[in-house]
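Engineer: If it helps, the file is called data09.cif and holds mmCIF, N, CA, C and O atoms:
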data_final
#
loop_
_atom_site.label_atom_id
_atom_site.label_comp_id
_atom_site.auth_asym_id
_atom_site.auth_seq_id
_atom_site.Cartn_x
_atom_site.Cartn_y
_atom_site.Cartn_z
N ILE A 251 256.81 -87.10 6.28
CA ILE A 251 257.84 -87.19 7.29
C ILE A 251 258.02 -88.63 7.76
O ILE A 251 259.06 -88.98 8.26
N SER A 252 257.05 -89.47 7.59
CA SER A 252 257.18 -90.85 8.05
C SER A 252 257.74 -91.79 6.98
O SER A 252 257.90 -92.97 7.23
N ASP A 253 258.08 -91.26 5.81
CA ASP A 253 258.66 -92.07 4.74
C ASP A 253 260.05 -92.55 5.17
O ASP A 253 260.94 -91.73 5.45
N PRO A 254 260.28 -93.86 5.19
CA PRO A 254 261.58 -94.37 5.64
C PRO A 254 262.77 -93.84 4.82
O PRO A 254 263.83 -93.59 5.39
N ALA A 255 262.60 -93.67 3.53
CA ALA A 255 263.69 -93.15 2.70
C ALA A 255 264.02 -91.70 3.08
O ALA A 255 265.19 -91.31 3.13
N PHE A 256 262.99 -90.92 3.34
CA PHE A 256 263.19 -89.53 3.74
C PHE A 256 263.92 -89.47 5.08
O PHE A 256 264.88 -88.71 5.25
N LEU A 257 263.49 -90.26 6.03
CA LEU A 257 264.12 -90.29 7.35
C LEU A 257 265.58 -90.76 7.25
O LEU A 257 266.45 -90.23 7.95
N ALA A 258 265.83 -91.73 6.38
CA ALA A 258 267.21 -92.19 6.18
C ALA A 258 268.07 -91.07 5.62
O ALA A 258 269.23 -90.91 6.01
N HIS A 259 267.51 -90.29 4.70
CA HIS A 259 268.24 -89.16 4.14
C HIS A 259 268.57 -88.13 5.22
O HIS A 259 269.70 -87.63 5.27
N VAL A 260 267.62 -87.83 6.07
CA VAL A 260 267.84 -86.86 7.14
C VAL A 260 268.93 -87.37 8.09
O VAL A 260 269.82 -86.61 8.49
N ARG A 261 268.89 -88.65 8.42
CA ARG A 261 269.91 -89.23 9.29
C ARG A 261 271.29 -89.13 8.63
O ARG A 261 272.29 -88.76 9.26
N TRP A 262 271.35 -89.46 7.33
CA TRP A 262 272.61 -89.38 6.61
C TRP A 262 273.13 -87.93 6.59
O TRP A 262 274.31 -87.68 6.87
N ALA A 263 272.27 -86.99 6.24
CA ALA A 263 272.67 -85.59 6.13
C ALA A 263 273.15 -85.07 7.49
O ALA A 263 274.15 -84.34 7.57
N GLY A 264 272.47 -85.44 8.56
CA GLY A 264 272.88 -85.02 9.89
C GLY A 264 274.25 -85.57 10.26
O GLY A 264 275.10 -84.85 10.81
N GLY A 265 274.49 -86.82 9.94
CA GLY A 265 275.80 -87.42 10.21
C GLY A 265 276.90 -86.79 9.37
O GLY A 265 278.02 -86.56 9.86
N TYR A 266 276.59 -86.48 8.12
CA TYR A 266 277.56 -85.85 7.24
C TYR A 266 277.91 -84.45 7.75
O TYR A 266 279.08 -84.06 7.78
N LEU A 267 276.90 -83.70 8.16
CA LEU A 267 277.12 -82.36 8.69
C LEU A 267 277.93 -82.43 9.98
O LEU A 267 278.87 -81.66 10.18
N GLU A 268 277.59 -83.35 10.86
CA GLU A 268 278.33 -83.51 12.11
C GLU A 268 279.81 -83.78 11.82
O GLU A 268 280.70 -83.17 12.42
N SER A 269 280.07 -84.68 10.90
CA SER A 269 281.45 -85.02 10.55
C SER A 269 282.20 -83.78 10.04
O SER A 269 283.35 -83.53 10.44
N GLY A 270 281.56 -83.01 9.18
CA GLY A 270 282.19 -81.80 8.66
C GLY A 270 282.43 -80.76 9.73
O GLY A 270 283.48 -80.10 9.75
N LEU A 271 281.49 -80.61 10.64
CA LEU A 271 281.65 -79.64 11.73
C LEU A 271 282.78 -80.05 12.68
O LEU A 271 283.53 -79.21 13.16
N LEU A 272 282.89 -81.34 12.92
CA LEU A 272 283.98 -81.82 13.79
C LEU A 272 285.34 -81.58 13.13
O LEU A 272 286.32 -81.27 13.82
N LYS A 273 285.41 -81.70 11.81
CA LYS A 273 286.66 -81.38 11.10
C LYS A 273 286.98 -79.90 11.25
O LYS A 273 288.14 -79.52 11.44
N LEU A 274 285.95 -79.05 11.15
CA LEU A 274 286.17 -77.62 11.35
C LEU A 274 286.67 -77.33 12.76
O LEU A 274 287.51 -76.46 12.96
N GLN A 275 286.15 -78.08 13.73
CA GLN A 275 286.59 -77.90 15.11
C GLN A 275 288.09 -78.19 15.24
O GLN A 275 288.81 -77.50 15.96
N GLU A 276 288.56 -79.19 14.53
CA GLU A 276 289.99 -79.52 14.55
C GLU A 276 290.83 -78.41 13.93
O GLU A 276 291.97 -78.20 14.33
N GLU A 277 290.26 -77.71 12.94
CA GLU A 277 291.01 -76.71 12.19
C GLU A 277 290.96 -75.31 12.81
O GLU A 277 291.82 -74.48 12.51
N HIS A 278 289.94 -75.04 13.62
CA HIS A 278 289.76 -73.70 14.17
C HIS A 278 289.79 -73.74 15.69
O HIS A 278 288.91 -74.33 16.32
N ASP A 279 290.80 -73.10 16.26
CA ASP A 279 290.95 -73.09 17.72
C ASP A 279 289.82 -72.38 18.44
O ASP A 279 289.62 -72.58 19.63
N CYS A 280 289.09 -71.54 17.73
CA CYS A 280 288.00 -70.79 18.36
C CYS A 280 286.80 -71.68 18.71
O CYS A 280 285.98 -71.31 19.53
N ILE A 281 286.70 -72.86 18.10
CA ILE A 281 285.55 -73.75 18.34
C ILE A 281 285.81 -74.60 19.58
O ILE A 281 286.79 -75.33 19.66
N VAL A 282 284.89 -74.50 20.53
CA VAL A 282 284.99 -75.24 21.79
C VAL A 282 284.27 -76.58 21.68
O VAL A 282 284.78 -77.61 22.12
N GLU A 283 283.06 -76.56 21.10
CA GLU A 283 282.22 -77.77 21.09
C GLU A 283 281.26 -77.72 19.91
O GLU A 283 280.76 -76.67 19.54
N VAL A 284 281.01 -78.91 19.36
CA VAL A 284 279.99 -79.09 18.33
C VAL A 284 278.94 -79.99 18.94
O VAL A 284 279.24 -81.07 19.45
N ARG A 285 277.67 -79.54 18.93
CA ARG A 285 276.62 -80.36 19.53
C ARG A 285 275.34 -80.26 18.71
O ARG A 285 275.07 -79.25 18.08
N GLY A 286 274.59 -81.34 18.73
CA GLY A 286 273.34 -81.35 18.02
C GLY A 286 272.90 -82.76 17.69
O GLY A 286 273.49 -83.75 18.13
N ARG A 287 271.88 -82.83 16.87
CA ARG A 287 271.32 -84.11 16.43
C ARG A 287 270.54 -83.85 15.17
O ARG A 287 269.91 -82.80 15.03
N GLY A 288 270.57 -84.81 14.27
CA GLY A 288 269.83 -84.65 13.01
C GLY A 288 270.36 -83.44 12.26
O GLY A 288 271.55 -83.35 11.99
N LEU A 289 269.50 -82.50 11.97
CA LEU A 289 269.91 -81.31 11.25
C LEU A 289 269.74 -80.04 12.09
O LEU A 289 269.51 -78.96 11.57
N ILE A 290 269.88 -80.19 13.40
CA ILE A 290 269.89 -79.04 14.30
C ILE A 290 271.22 -79.07 15.04
O ILE A 290 271.49 -79.99 15.82
N TRP A 291 272.07 -78.06 14.75
CA TRP A 291 273.43 -78.07 15.30
C TRP A 291 273.80 -76.73 15.90
O TRP A 291 273.35 -75.69 15.43
N GLY A 292 274.62 -76.79 16.91
CA GLY A 292 275.20 -75.61 17.51
C GLY A 292 276.70 -75.76 17.58
O GLY A 292 277.21 -76.85 17.85
N VAL A 293 277.41 -74.68 17.30
CA VAL A 293 278.86 -74.67 17.37
C VAL A 293 279.25 -73.62 18.41
O VAL A 293 279.07 -72.43 18.18
N GLN A 294 279.71 -74.08 19.56
CA GLN A 294 280.10 -73.17 20.63
C GLN A 294 281.53 -72.70 20.41
O GLN A 294 282.42 -73.51 20.13
N CYS A 295 281.72 -71.40 20.52
CA CYS A 295 283.03 -70.80 20.31
C CYS A 295 283.53 -70.12 21.57
O CYS A 295 282.76 -69.80 22.47
N LYS A 296 284.82 -69.87 21.62
CA LYS A 296 285.45 -69.18 22.75
C LYS A 296 285.13 -67.70 22.75
O LYS A 296 285.27 -67.05 23.78
N VAL A 297 284.75 -67.18 21.61
CA VAL A 297 284.52 -65.74 21.43
C VAL A 297 283.12 -65.52 20.86
O VAL A 297 282.49 -66.46 20.35
N PRO A 298 282.60 -64.32 20.90
CA PRO A 298 281.29 -64.04 20.29
C PRO A 298 281.28 -64.40 18.80
O PRO A 298 282.26 -64.17 18.09
N VAL A 299 280.16 -64.95 18.36
CA VAL A 299 280.05 -65.44 16.98
C VAL A 299 279.47 -64.41 16.01
O VAL A 299 279.30 -64.71 14.83
N GLY A 300 279.20 -63.20 16.48
CA GLY A 300 278.65 -62.17 15.60
C GLY A 300 279.43 -61.98 14.31
O GLY A 300 278.84 -61.94 13.22
N PRO A 301 280.78 -61.89 14.37
CA PRO A 301 281.54 -61.75 13.13
C PRO A 301 281.38 -62.95 12.19
O PRO A 301 281.38 -62.79 10.97
N ALA A 302 281.25 -64.16 12.74
CA ALA A 302 281.06 -65.34 11.89
C ALA A 302 279.68 -65.32 11.24
O ALA A 302 279.52 -65.70 10.08
N VAL A 303 278.66 -64.87 11.98
CA VAL A 303 277.31 -64.74 11.41
C VAL A 303 277.35 -63.76 10.25
O VAL A 303 276.79 -64.02 9.17
N ALA A 304 278.03 -62.63 10.44
CA ALA A 304 278.14 -61.62 9.39
C ALA A 304 278.94 -62.15 8.20
O ALA A 304 278.56 -61.93 7.04
N ALA A 305 280.03 -62.87 8.46
CA ALA A 305 280.86 -63.42 7.38
C ALA A 305 280.08 -64.45 6.57
O ALA A 305 280.19 -64.50 5.34
N ALA A 306 279.28 -65.26 7.23
CA ALA A 306 278.46 -66.24 6.52
C ALA A 306 277.41 -65.53 5.67
O ALA A 306 277.18 -65.91 4.51
N ALA A 307 276.79 -64.49 6.22
CA ALA A 307 275.78 -63.73 5.47
C ALA A 307 276.39 -63.09 4.22
O ALA A 307 275.76 -63.07 3.16
N GLU A 308 277.62 -62.59 4.32
CA GLU A 308 278.29 -62.00 3.17
C GLU A 308 278.49 -63.01 2.05
O GLU A 308 278.55 -62.65 0.88
N GLN A 309 278.59 -64.29 2.42
CA GLN A 309 278.76 -65.35 1.44
C GLN A 309 277.42 -65.92 0.95
O GLN A 309 277.39 -66.80 0.11
N GLY A 310 276.32 -65.42 1.52
CA GLY A 310 275.00 -65.87 1.11
C GLY A 310 274.41 -66.98 1.95
O GLY A 310 273.44 -67.62 1.57
N MET A 311 274.99 -67.21 3.11
CA MET A 311 274.51 -68.28 4.00
C MET A 311 273.89 -67.67 5.25
O MET A 311 274.51 -66.88 5.94
N LEU A 312 272.68 -68.08 5.55
CA LEU A 312 271.97 -67.59 6.72
C LEU A 312 272.20 -68.53 7.90
O LEU A 312 271.85 -69.71 7.84
N VAL A 313 272.85 -68.02 8.93
CA VAL A 313 273.01 -68.74 10.19
C VAL A 313 272.60 -67.78 11.30
O VAL A 313 272.52 -66.57 11.09
N LEU A 314 272.35 -68.32 12.45
CA LEU A 314 271.91 -67.52 13.60
C LEU A 314 272.84 -67.77 14.77
O LEU A 314 273.58 -68.74 14.79
N ASN A 315 272.74 -66.90 15.74
CA ASN A 315 273.43 -67.17 16.99
C ASN A 315 272.39 -67.69 17.99
O ASN A 315 271.21 -67.40 17.89
N ALA A 316 272.87 -68.48 18.93
CA ALA A 316 272.04 -68.96 20.04
C ALA A 316 272.79 -68.55 21.30
O ALA A 316 273.56 -69.31 21.85
N GLY A 317 272.66 -67.30 21.66
CA GLY A 317 273.49 -66.71 22.70
C GLY A 317 274.70 -66.11 22.04
O GLY A 317 274.90 -66.23 20.84
N PRO A 318 275.54 -65.47 22.82
CA PRO A 318 276.65 -64.73 22.22
C PRO A 318 277.73 -65.61 21.60
O PRO A 318 278.40 -65.20 20.65
N ASN A 319 277.92 -66.84 22.09
CA ASN A 319 279.05 -67.65 21.64
C ASN A 319 278.67 -68.93 20.91
O ASN A 319 279.53 -69.79 20.70
N VAL A 320 277.42 -69.08 20.50
CA VAL A 320 277.00 -70.30 19.82
C VAL A 320 276.41 -69.96 18.47
O VAL A 320 275.49 -69.14 18.37
N LEU A 321 276.95 -70.59 17.43
CA LEU A 321 276.43 -70.46 16.08
C LEU A 321 275.42 -71.57 15.86
O LEU A 321 275.72 -72.75 16.10
N ARG A 322 274.22 -71.23 15.44
CA ARG A 322 273.12 -72.20 15.25
C ARG A 322 272.96 -72.51 13.77
O ARG A 322 272.89 -71.60 12.94
N LEU A 323 272.86 -73.79 13.45
CA LEU A 323 272.67 -74.24 12.07
C LEU A 323 271.38 -75.04 11.99
O LEU A 323 271.18 -75.99 12.75
N LEU A 324 270.52 -74.66 11.06
CA LEU A 324 269.24 -75.36 10.87
C LEU A 324 268.98 -75.55 9.37
O LEU A 324 268.07 -74.93 8.81
N PRO A 325 269.74 -76.41 8.72
CA PRO A 325 269.50 -76.60 7.28
C PRO A 325 268.15 -77.30 7.05
O PRO A 325 267.64 -77.98 7.94
N PRO A 326 267.61 -77.14 5.86
CA PRO A 326 266.33 -77.81 5.56
C PRO A 326 266.51 -79.33 5.51
O PRO A 326 267.59 -79.83 5.21
N LEU A 327 265.44 -80.03 5.80
CA LEU A 327 265.50 -81.50 5.81
C LEU A 327 265.80 -82.10 4.45
O LEU A 327 266.24 -83.23 4.36
N ILE A 328 265.59 -81.35 3.39
CA ILE A 328 265.83 -81.86 2.03
C ILE A 328 267.22 -81.48 1.51
O ILE A 328 267.51 -81.65 0.33
N VAL A 329 268.10 -81.01 2.38
CA VAL A 329 269.44 -80.58 1.98
C VAL A 329 270.19 -81.74 1.30
O VAL A 329 270.02 -82.90 1.68
N GLU A 330 270.97 -81.40 0.30
CA GLU A 330 271.76 -82.39 -0.43
C GLU A 330 273.24 -82.25 -0.10
O GLU A 330 273.67 -81.22 0.43
N LYS A 331 274.04 -83.24 -0.45
CA LYS A 331 275.46 -83.26 -0.14
C LYS A 331 276.17 -82.02 -0.69
O LYS A 331 276.98 -81.41 0.01
N GLU A 332 275.87 -81.64 -1.90
CA GLU A 332 276.55 -80.47 -2.49
C GLU A 332 276.29 -79.20 -1.68
O GLU A 332 277.16 -78.35 -1.54
N HIS A 333 275.07 -79.09 -1.13
CA HIS A 333 274.74 -77.92 -0.32
C HIS A 333 275.49 -77.95 1.01
O HIS A 333 275.94 -76.91 1.50
N LEU A 334 275.60 -79.13 1.59
CA LEU A 334 276.34 -79.25 2.85
C LEU A 334 277.81 -78.94 2.63
O LEU A 334 278.43 -78.28 3.46
N ASP A 335 278.36 -79.41 1.51
CA ASP A 335 279.76 -79.10 1.20
C ASP A 335 279.97 -77.60 1.05
O ASP A 335 280.95 -77.04 1.56
N GLN A 336 279.05 -76.94 0.36
CA GLN A 336 279.12 -75.48 0.21
C GLN A 336 279.04 -74.80 1.58
O GLN A 336 279.80 -73.87 1.87
N ALA A 337 278.10 -75.24 2.39
CA ALA A 337 277.91 -74.64 3.72
C ALA A 337 279.15 -74.82 4.58
O ALA A 337 279.57 -73.87 5.26
N LEU A 338 279.74 -75.99 4.55
CA LEU A 338 280.94 -76.23 5.36
C LEU A 338 282.10 -75.37 4.88
O LEU A 338 282.87 -74.86 5.70
N ALA A 339 282.23 -75.17 3.58
CA ALA A 339 283.28 -74.29 3.05
C ALA A 339 283.04 -72.85 3.49
O ALA A 339 283.98 -72.13 3.85
N MET A 340 281.78 -72.42 3.47
CA MET A 340 281.45 -71.06 3.92
C MET A 340 281.71 -70.90 5.41
O MET A 340 282.22 -69.86 5.86
N LEU A 341 281.39 -71.93 6.18
CA LEU A 341 281.64 -71.87 7.62
C LEU A 341 283.13 -71.83 7.91
O LEU A 341 283.56 -71.15 8.85
N ASP A 342 283.91 -72.53 7.13
CA ASP A 342 285.36 -72.51 7.29
C ASP A 342 285.87 -71.07 7.17
O ASP A 342 286.64 -70.59 8.01
N LYS A 343 285.39 -70.36 6.18
CA LYS A 343 285.77 -68.95 5.99
C LYS A 343 285.21 -68.08 7.13
O LYS A 343 285.88 -67.16 7.60
N ALA A 344 283.99 -68.37 7.54
CA ALA A 344 283.36 -67.57 8.60
C ALA A 344 284.10 -67.73 9.93
O ALA A 344 284.31 -66.76 10.66
N PHE A 345 284.51 -68.96 10.26
CA PHE A 345 285.24 -69.16 11.50
C PHE A 345 286.64 -68.55 11.45
O PHE A 345 287.19 -68.18 12.48
N ALA A 346 287.17 -68.40 10.26
CA ALA A 346 288.46 -67.72 10.11
C ALA A 346 288.33 -66.25 10.51
O ALA A 346 289.33 -65.61 10.84
N ALA A 347 287.10 -65.71 10.47
CA ALA A 347 286.88 -64.32 10.85
C ALA A 347 286.89 -64.13 12.37
O ALA A 347 286.88 -62.99 12.84
N LEU A 348 286.92 -65.20 13.12
CA LEU A 348 286.89 -65.09 14.60
C LEU A 348 288.29 -65.00 15.18
O LEU A 348 289.19 -65.56 14.86
#
The structure in this file should be written as C-alpha cells.
Structural biologist:
Amino acid sequence: ISDPAFLAHVRWAGGYLESGLLKLQEEHDCIVEVRGRGLIWGVQCKVPVGPAVAAAAEQGMLVLNAGPNVLRLLPPLIVEKEHLDQALAMLDKAFAAL
C-alpha cells in the first residue's frame, strides 16, 4: 500500500471515477450529489436507490445503498480503466431505472 506507483494509480482511478459520476449527474435528474474520495463514493438521489441497486445487480455489478437515497460504490484498489468504463455504463442504465 505504500508503493508510490500503486498510490498514484488509486488517485488516478478515483479521479476518473469522480469525473464519470459527475457526468452521470448531469445526465440524470434523479442525482442530487456525488461525494467521496479515492475509491469510496456515494451518489445521493432524490428517490430511493433500491431499483438502481437491483438494476446494477441484474447487469452483474454489486453496489450497495447507504441509507435509502444514497448509492455506495467501493471498487477494488486495483480497478482498471476498462472496468470503470463498464461500471459507469452499468450505472447509467441503473440510474435510468429511477
Engineer: Around all of range 308-313 of chain A's listed atoms, make the axis-aligned box with 3 Å on each side and tell me centre and edge lengths in Å to one decimal, as AutoDock Vina command-line options.
Structural biologist:
--center_x 275.3 --center_y -65.9 --center_z 5.7 --size_x 12.9 --size_y 13.7 --size_z 17.2
Engineer: Written as a ChimeraX atom specification, which residues does the PyMOL selection byres ((chain A and resi 263) around 8) give for the file shown?
Structural biologist: /A:256-262,264-270,288-289,326-327,329-331,334
Engineer: If you count all atoms listed in the file, which residues fall within 8 Å of Ile290 in chain A, apart from same-chain ones fewer than 5 positions away, as number ranges by chain?
Structural biologist: A: 264, 285, 321-325
Engineer: Care to translate the PyMOL selection byres ((chain A and resi 313) around 6) into actual residues of this file, as a VMD selection string?
Structural biologist: chain A and resid 303 307 311 to 312 314 to 315 322 to 323
Engineer: Restricting the calculation to all atoms listed in the file, which member of A:His333, A:Lys273, A:Asp253, A:Ala346 is positioned closest to Pro301 in chain A?
Structural biologist: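 Smallest distance to Pro301 in chain A is found for A:Ala346.
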